[in-house]
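Peer 1: Here's a structure for you.
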Amino acid sequence: MYVIAGLGNPGRKYENTRHNMGFLVVDRIAEKCDIKVNRVKHRALVGDGMISGRRALLVKPQTYMNLSGESIGEIVSYYGIAHEELIVIYDDFDIDMGAIRIRKKGSAGSHNGMKSVIAHLGDGDFPRVRVGIGSSGGREWKDFVIGRIGSGERDVLREAVDRAADAVICILEKGIDRAMNEYNVRREASD
């Protein structure tokens with residue numbers, strides 16, 4: 001079984017913010033694969049189903065971003081998931097807005113949610129899909145990531161969420177190397 005966890009913050013206050021890209025991607029995967037993410041288990045909203053012939057558990061931790069590892073660590077331990085069968089999806093302001101990056105493993109960088117996940121799992125040896133939200137343009141980073149998505153950004157980020165969902169489905173269907181080749185491409189600026 002694969003565990004596909006999107007990082008974000010629960011509650012209406014944080015809906016449609018840059019920091020909730022992980023939640024938005026999980027929601028999009030759920031739509032594409034007809035999986036209902038509506039049960040509460042291990043301090044997360046979860047839903048299970050089949051994706052490309054593989055059993056998958058979609059996860060949206062409800063612990064708030066900085067404690068995401070508490071919920072994900074509990075799930076990984078409970079189900080005995082190997083780290084390579086965990087995929088974590090999250091926002092990244094070090095990547096151009098709308099770009100996505102898939103990696104087999106790595107560090108948390110400056111992302112507090114990923115720091116929590118790595119601390120609870122003991123290492124960063126698990127796949128991740130990062131959704132680029134772009135730089136803050138001089139705004140305080142905290143205000144930027146939990147701020148509402150502007151109208152000029154909506155289409156770009158909506159497309160990135162859709163591509164990130166397709167990338168996760170590709171990982172399950174064709175493997176992570178193939179997904180990295182197909183989806184780790186630079187987004188071309190529009191005229």
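Residues in the structure tokens are numbered from 1 in each chain, the chains being A, B, ... in the order shown, and ligands are numbered from 1 in the order shown.
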Contacts of segment 12-15 of chain A at 12 Å or less, counting only C-alpha atoms, minus same-chain residues fewer than 6 places along, as a short mmCIF file (atom, residue, chain, number, x, y, z; two decimals) with C-alpha atoms, in the first residue's frame?
Peer 2:
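File produced: result_6.cif:
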```
data_model
loop_
_atom_site.label_atom_id
_atom_site.label_comp_id
_atom_site.auth_asym_id
_atom_site.auth_seq_id
_atom_site.Cartn_x
_atom_site.Cartn_y
_atom_site.Cartn_z
CA MET A 21 -0.89 23.00 -1.95
CA GLY A 22 -0.46 19.49 -0.50
CA PHE A 23 -4.12 19.35 0.56
CA LEU A 24 -5.24 20.67 -2.84
CA ASP A 27 -8.14 16.58 -3.21
CA GLN A 62 -5.17 17.74 10.70
CA TYR A 64 -1.45 21.86 11.46
CA MET A 65 1.58 22.15 9.21
CA ASP A 143 2.19 36.04 5.67
CA PHE A 144 2.97 34.97 2.10
CA VAL A 145 2.48 31.23 2.56
CA ILE A 146 -0.73 31.49 4.59
CA GLY A 147 -2.06 34.37 2.50
CA ARG A 148 -4.84 33.91 -0.02
CA ILE A 149 -3.91 33.05 -3.58
#
```
Peer 1: List every residue of segment 25-167 of chain A that DSSP, applied to the backbone, labels as helix (DSSP H, G or I), and write the result as a ChimeraX atom specification.
Peer 2: /A:25-33,65-79,83-85,112-121,141-145,151-167
Peer 1: When you count only C-alpha atoms, which of these residues is closest to Arg103 of chain A: A:Ile75, A:Val25, A:Ile176, A:Ala82?
Peer 2: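 Of A:Ile75, A:Val25, A:Ile176, A:Ala82, the one nearest Arg103 of chain A is A:Ile176, counting only C-alpha atoms.
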Peer 1: A:Leu121, A:Ala108, A:Met97, A:Leu7: which is nearest Glu159 of chain A, counting only C-alpha atoms?
Peer 2: A:Met97
Peer 1: Let me make sure I understand: among A:Ala165, A:Asp125, A:Val88, A:His120, which one has the smallest atom-to-atom distance to Lys105 of chain A if we use only C-alpha atoms?
Peer 2: A:Asp125
Peer 1: Env of Gly132 of chain A: 12 Å cut, atoms = only C-alpha atoms, seq-sep filter 5 positions within chain, self excluded. Answer as a PyMOL selection string.
Peer 2: chain A and resi 18-22+89-102+145+153+156-161+163-164+184+186-187
Peer 1: Could you write those residues out with N, CA and C atoms, as a JSON list (two decimals), in the first residue's frame?
Peer 2:
```
[["chain", "number", "residue", "atom", "x", "y", "z"],
["A", 18, "ARG", "N", -1.44, 29.35, -0.18],
["A", 18, "ARG", "CA", -0.27, 28.73, -0.81],
["A", 18, "ARG", "C", 0.26, 27.56, 0.00],
["A", 19, "HIS", "N", 0.14, 27.65, 1.33],
["A", 19, "HIS", "CA", 0.67, 26.61, 2.21],
["A", 19, "HIS", "C", -0.16, 25.32, 2.15],
["A", 20, "ASN", "N", -1.32, 25.37, 1.49],
["A", 20, "ASN", "CA", -2.18, 24.19, 1.42],
["A", 20, "ASN", "C", -2.11, 23.47, 0.07],
["A", 21, "MET", "N", -1.04, 23.68, -0.66],
["A", 21, "MET", "CA", -0.89, 23.00, -1.95],
["A", 21, "MET", "C", -0.98, 21.48, -1.79],
["A", 22, "GLY", "N", -0.40, 20.94, -0.73],
["A", 22, "GLY", "CA", -0.46, 19.49, -0.50],
["A", 22, "GLY", "C", -1.89, 18.99, -0.37],
["A", 89, "ILE", "N", 3.50, 15.49, -0.36],
["A", 89, "ILE", "CA", 3.28, 16.59, -1.30],
["A", 89, "ILE", "C", 3.19, 17.89, -0.49],
["A", 90, "TYR", "N", 3.92, 18.92, -0.93],
["A", 90, "TYR", "CA", 3.90, 20.17, -0.18],
["A", 90, "TYR", "C", 4.32, 21.35, -1.06],
["A", 91, "ASP", "N", 4.06, 22.54, -0.55],
["A", 91, "ASP", "CA", 4.41, 23.79, -1.23],
["A", 91, "ASP", "C", 5.88, 24.10, -1.03],
["A", 92, "ASP", "N", 6.46, 24.85, -1.97],
["A", 92, "ASP", "CA", 7.85, 25.25, -1.83],
["A", 92, "ASP", "C", 8.06, 26.62, -2.47],
["A", 93, "PHE", "N", 8.47, 27.61, -1.66],
["A", 93, "PHE", "CA", 8.67, 28.95, -2.21],
["A", 93, "PHE", "C", 10.05, 29.13, -2.81],
["A", 94, "ASP", "N", 10.87, 28.07, -2.78],
["A", 94, "ASP", "CA", 12.17, 28.12, -3.45],
["A", 94, "ASP", "C", 12.08, 27.63, -4.89],
["A", 95, "ILE", "N", 10.88, 27.29, -5.33],
["A", 95, "ILE", "CA", 10.65, 26.82, -6.70],
["A", 95, "ILE", "C", 9.72, 27.82, -7.38],
["A", 96, "ASP", "N", 9.96, 28.09, -8.66],
["A", 96, "ASP", "CA", 9.12, 29.02, -9.41],
["A", 96, "ASP", "C", 7.65, 28.64, -9.31],
["A", 97, "MET", "N", 6.80, 29.65, -9.24],
["A", 97, "MET", "CA", 5.37, 29.40, -9.15],
["A", 97, "MET", "C", 4.91, 28.55, -10.33],
["A", 98, "GLY", "N", 4.19, 27.50, -10.00],
["A", 98, "GLY", "CA", 3.63, 26.63, -11.02],
["A", 98, "GLY", "C", 4.49, 25.45, -11.39],
["A", 99, "ALA", "N", 5.77, 25.47, -11.02],
["A", 99, "ALA", "CA", 6.65, 24.34, -11.32],
["A", 99, "ALA", "C", 6.44, 23.25, -10.27],
["A", 100, "ILE", "N", 6.70, 22.02, -10.66],
["A", 100, "ILE", "CA", 6.69, 20.95, -9.67],
["A", 100, "ILE", "C", 8.02, 20.21, -9.74],
["A", 101, "ARG", "N", 8.43, 19.65, -8.62],
["A", 101, "ARG", "CA", 9.68, 18.90, -8.54],
["A", 101, "ARG", "C", 9.42, 17.61, -7.76],
["A", 102, "ILE", "N", 9.83, 16.51, -8.36],
["A", 102, "ILE", "CA", 9.72, 15.21, -7.71],
["A", 102, "ILE", "C", 11.14, 14.79, -7.32],
["A", 145, "VAL", "N", 2.92, 32.61, 2.74],
["A", 145, "VAL", "CA", 2.48, 31.23, 2.56],
["A", 145, "VAL", "C", 1.07, 30.98, 3.07],
["A", 153, "GLU", "N", -2.63, 34.51, -9.80],
["A", 153, "GLU", "CA", -1.91, 33.26, -9.54],
["A", 153, "GLU", "C", -2.80, 32.02, -9.67],
["A", 156, "VAL", "N", -2.37, 29.55, -12.71],
["A", 156, "VAL", "CA", -1.06, 28.91, -12.70],
["A", 156, "VAL", "C", -1.01, 27.83, -11.62],
["A", 157, "LEU", "N", -1.48, 28.15, -10.41],
["A", 157, "LEU", "CA", -1.43, 27.19, -9.32],
["A", 157, "LEU", "C", -2.45, 26.06, -9.51],
["A", 158, "ARG", "N", -3.59, 26.36, -10.09],
["A", 158, "ARG", "CA", -4.58, 25.30, -10.39],
["A", 158, "ARG", "C", -3.98, 24.29, -11.35],
["A", 159, "GLU", "N", -3.28, 24.78, -12.37],
["A", 159, "GLU", "CA", -2.62, 23.90, -13.34],
["A", 159, "GLU", "C", -1.52, 23.09, -12.65],
["A", 160, "ALA", "N", -0.77, 23.72, -11.75],
["A", 160, "ALA", "CA", 0.30, 23.02, -11.02],
["A", 160, "ALA", "C", -0.28, 21.91, -10.14],
["A", 161, "VAL", "N", -1.39, 22.19, -9.48],
["A", 161, "VAL", "CA", -2.05, 21.18, -8.65],
["A", 161, "VAL", "C", -2.48, 19.99, -9.52],
["A", 163, "ARG", "N", -1.19, 19.05, -12.42],
["A", 163, "ARG", "CA", 0.01, 18.34, -12.88],
["A", 163, "ARG", "C", 0.64, 17.54, -11.75],
["A", 164, "ALA", "N", 0.65, 18.09, -10.54],
["A", 164, "ALA", "CA", 1.20, 17.36, -9.39],
["A", 164, "ALA", "C", 0.38, 16.11, -9.11],
["A", 184, "ASN", "N", 9.54, 16.75, -14.03],
["A", 184, "ASN", "CA", 10.55, 17.70, -13.55],
["A", 184, "ASN", "C", 11.06, 18.54, -14.70],
["A", 186, "ARG", "N", 11.04, 22.53, -16.51],
["A", 186, "ARG", "CA", 10.84, 23.95, -16.20],
["A", 186, "ARG", "C", 9.56, 24.45, -16.86],
["A", 187, "ARG", "N", 8.81, 25.22, -16.12],
["A", 187, "ARG", "CA", 7.61, 25.84, -16.66],
["A", 187, "ARG", "C", 8.02, 27.04, -17.49]]
```
Peer 1: What's around Asp34 of chain A at 9 Å? Count only C-alpha atoms, leave out sequence neighbours fewer than 4 positions away in its own chain, and write the answer as JSON, numbers by chain.
Peer 2: {"A": [29, 30, 49, 50]}
Peer 1: Which one of A:Arg54, A:Lys41, A:Lys60, A:Arg28 sits closest to Gly11 of chain A if you count only C-alpha atoms?
Peer 2: A:Lys60
Peer 1: When you count only C-alpha atoms, which of these residues is closest to Val26 of chain A: A:Ile87, A:Lys104, A:Ser77, A:Glu173?
Peer 2: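 Checking each of A:Ile87, A:Lys104, A:Ser77, A:Glu173 against Val26 of chain A, counting only C-alpha atoms, the winner is A:Ile87.
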Peer 1: Please compute the atom CA of Trp141 of chain A-atom CA of Thr63 of chain A distance, one decimal, in Å.
Peer 2: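 Straight-line distance from atom CA of Trp141 of chain A to atom CA of Thr63 of chain A works out to 20.7 Å.
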Peer 1: Here is a test: counting only C-alpha atoms, which residue of A:Leu86, A:Val37, A:Ala179, A:Met1 is nearest to Gly73 of chain A?
Peer 2: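 With only C-alpha atoms as the atom set, the closest residue is A:Leu86.
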Peer 1: DSSP on the backbone, strand (DSSP E or B) only: what residues of segment 62-142 of chain A does that give? Format it as a PyMOL selection string.
Peer 2: chain A and resi 86-92+100-103+128-132
Peer 1: Once you have the residues from the selection above, write them out as a PDB file, in the first residue's frame, restricted to N, CA and C atoms.
Peer 2:
```
ATOM      1  N   LEU A  86       5.835   5.916   0.751  1.00  0.00           N
ATOM      2  CA  LEU A  86       5.235   7.153   1.257  1.00  0.00           C
ATOM      3  C   LEU A  86       5.574   8.255   0.268  1.00  0.00           C
ATOM      4  N   ILE A  87       4.571   9.014  -0.140  1.00  0.00           N
ATOM      5  CA  ILE A  87       4.798  10.176  -1.010  1.00  0.00           C
ATOM      6  C   ILE A  87       4.228  11.388  -0.279  1.00  0.00           C
ATOM      7  N   VAL A  88       5.066  12.392  -0.041  1.00  0.00           N
ATOM      8  CA  VAL A  88       4.626  13.603   0.649  1.00  0.00           C
ATOM      9  C   VAL A  88       4.592  14.747  -0.360  1.00  0.00           C
ATOM     10  N   ILE A  89       3.496  15.488  -0.357  1.00  0.00           N
ATOM     11  CA  ILE A  89       3.284  16.594  -1.299  1.00  0.00           C
ATOM     12  C   ILE A  89       3.192  17.888  -0.494  1.00  0.00           C
ATOM     13  N   TYR A  90       3.921  18.917  -0.931  1.00  0.00           N
ATOM     14  CA  TYR A  90       3.902  20.175  -0.175  1.00  0.00           C
ATOM     15  C   TYR A  90       4.320  21.351  -1.056  1.00  0.00           C
ATOM     16  N   ASP A  91       4.062  22.541  -0.553  1.00  0.00           N
ATOM     17  CA  ASP A  91       4.407  23.790  -1.234  1.00  0.00           C
ATOM     18  C   ASP A  91       5.877  24.100  -1.027  1.00  0.00           C
ATOM     19  N   ASP A  92       6.455  24.854  -1.967  1.00  0.00           N
ATOM     20  CA  ASP A  92       7.848  25.245  -1.828  1.00  0.00           C
ATOM     21  C   ASP A  92       8.057  26.617  -2.467  1.00  0.00           C
ATOM     22  N   ILE A 100       6.696  22.018 -10.658  1.00  0.00           N
ATOM     23  CA  ILE A 100       6.688  20.945  -9.666  1.00  0.00           C
ATOM     24  C   ILE A 100       8.023  20.212  -9.740  1.00  0.00           C
ATOM     25  N   ARG A 101       8.430  19.652  -8.621  1.00  0.00           N
ATOM     26  CA  ARG A 101       9.681  18.902  -8.541  1.00  0.00           C
ATOM     27  C   ARG A 101       9.421  17.614  -7.764  1.00  0.00           C
ATOM     28  N   ILE A 102       9.829  16.514  -8.356  1.00  0.00           N
ATOM     29  CA  ILE A 102       9.724  15.207  -7.713  1.00  0.00           C
ATOM     30  C   ILE A 102      11.140  14.791  -7.322  1.00  0.00           C
ATOM     31  N   ARG A 103      11.288  14.291  -6.112  1.00  0.00           N
ATOM     32  CA  ARG A 103      12.574  13.782  -5.648  1.00  0.00           C
ATOM     33  C   ARG A 103      12.331  12.456  -4.924  1.00  0.00           C
ATOM     34  N   ARG A 128       8.990  12.729  -2.557  1.00  0.00           N
ATOM     35  CA  ARG A 128       8.212  13.943  -2.314  1.00  0.00           C
ATOM     36  C   ARG A 128       7.933  14.647  -3.623  1.00  0.00           C
ATOM     37  N   VAL A 129       6.814  15.354  -3.642  1.00  0.00           N
ATOM     38  CA  VAL A 129       6.419  16.173  -4.782  1.00  0.00           C
ATOM     39  C   VAL A 129       6.237  17.587  -4.246  1.00  0.00           C
ATOM     40  N   ARG A 130       7.066  18.502  -4.748  1.00  0.00           N
ATOM     41  CA  ARG A 130       6.996  19.897  -4.297  1.00  0.00           C
ATOM     42  C   ARG A 130       6.286  20.729  -5.360  1.00  0.00           C
ATOM     43  N   VAL A 131       5.377  21.571  -4.907  1.00  0.00           N
ATOM     44  CA  VAL A 131       4.639  22.464  -5.797  1.00  0.00           C
ATOM     45  C   VAL A 131       5.174  23.875  -5.583  1.00  0.00           C
ATOM     46  N   GLY A 132       5.722  24.459  -6.624  1.00  0.00           N
ATOM     47  CA  GLY A 132       6.316  25.790  -6.528  1.00  0.00           C
ATOM     48  C   GLY A 132       5.269  26.875  -6.358  1.00  0.00           C
TER      49      GLY A 132
END
```
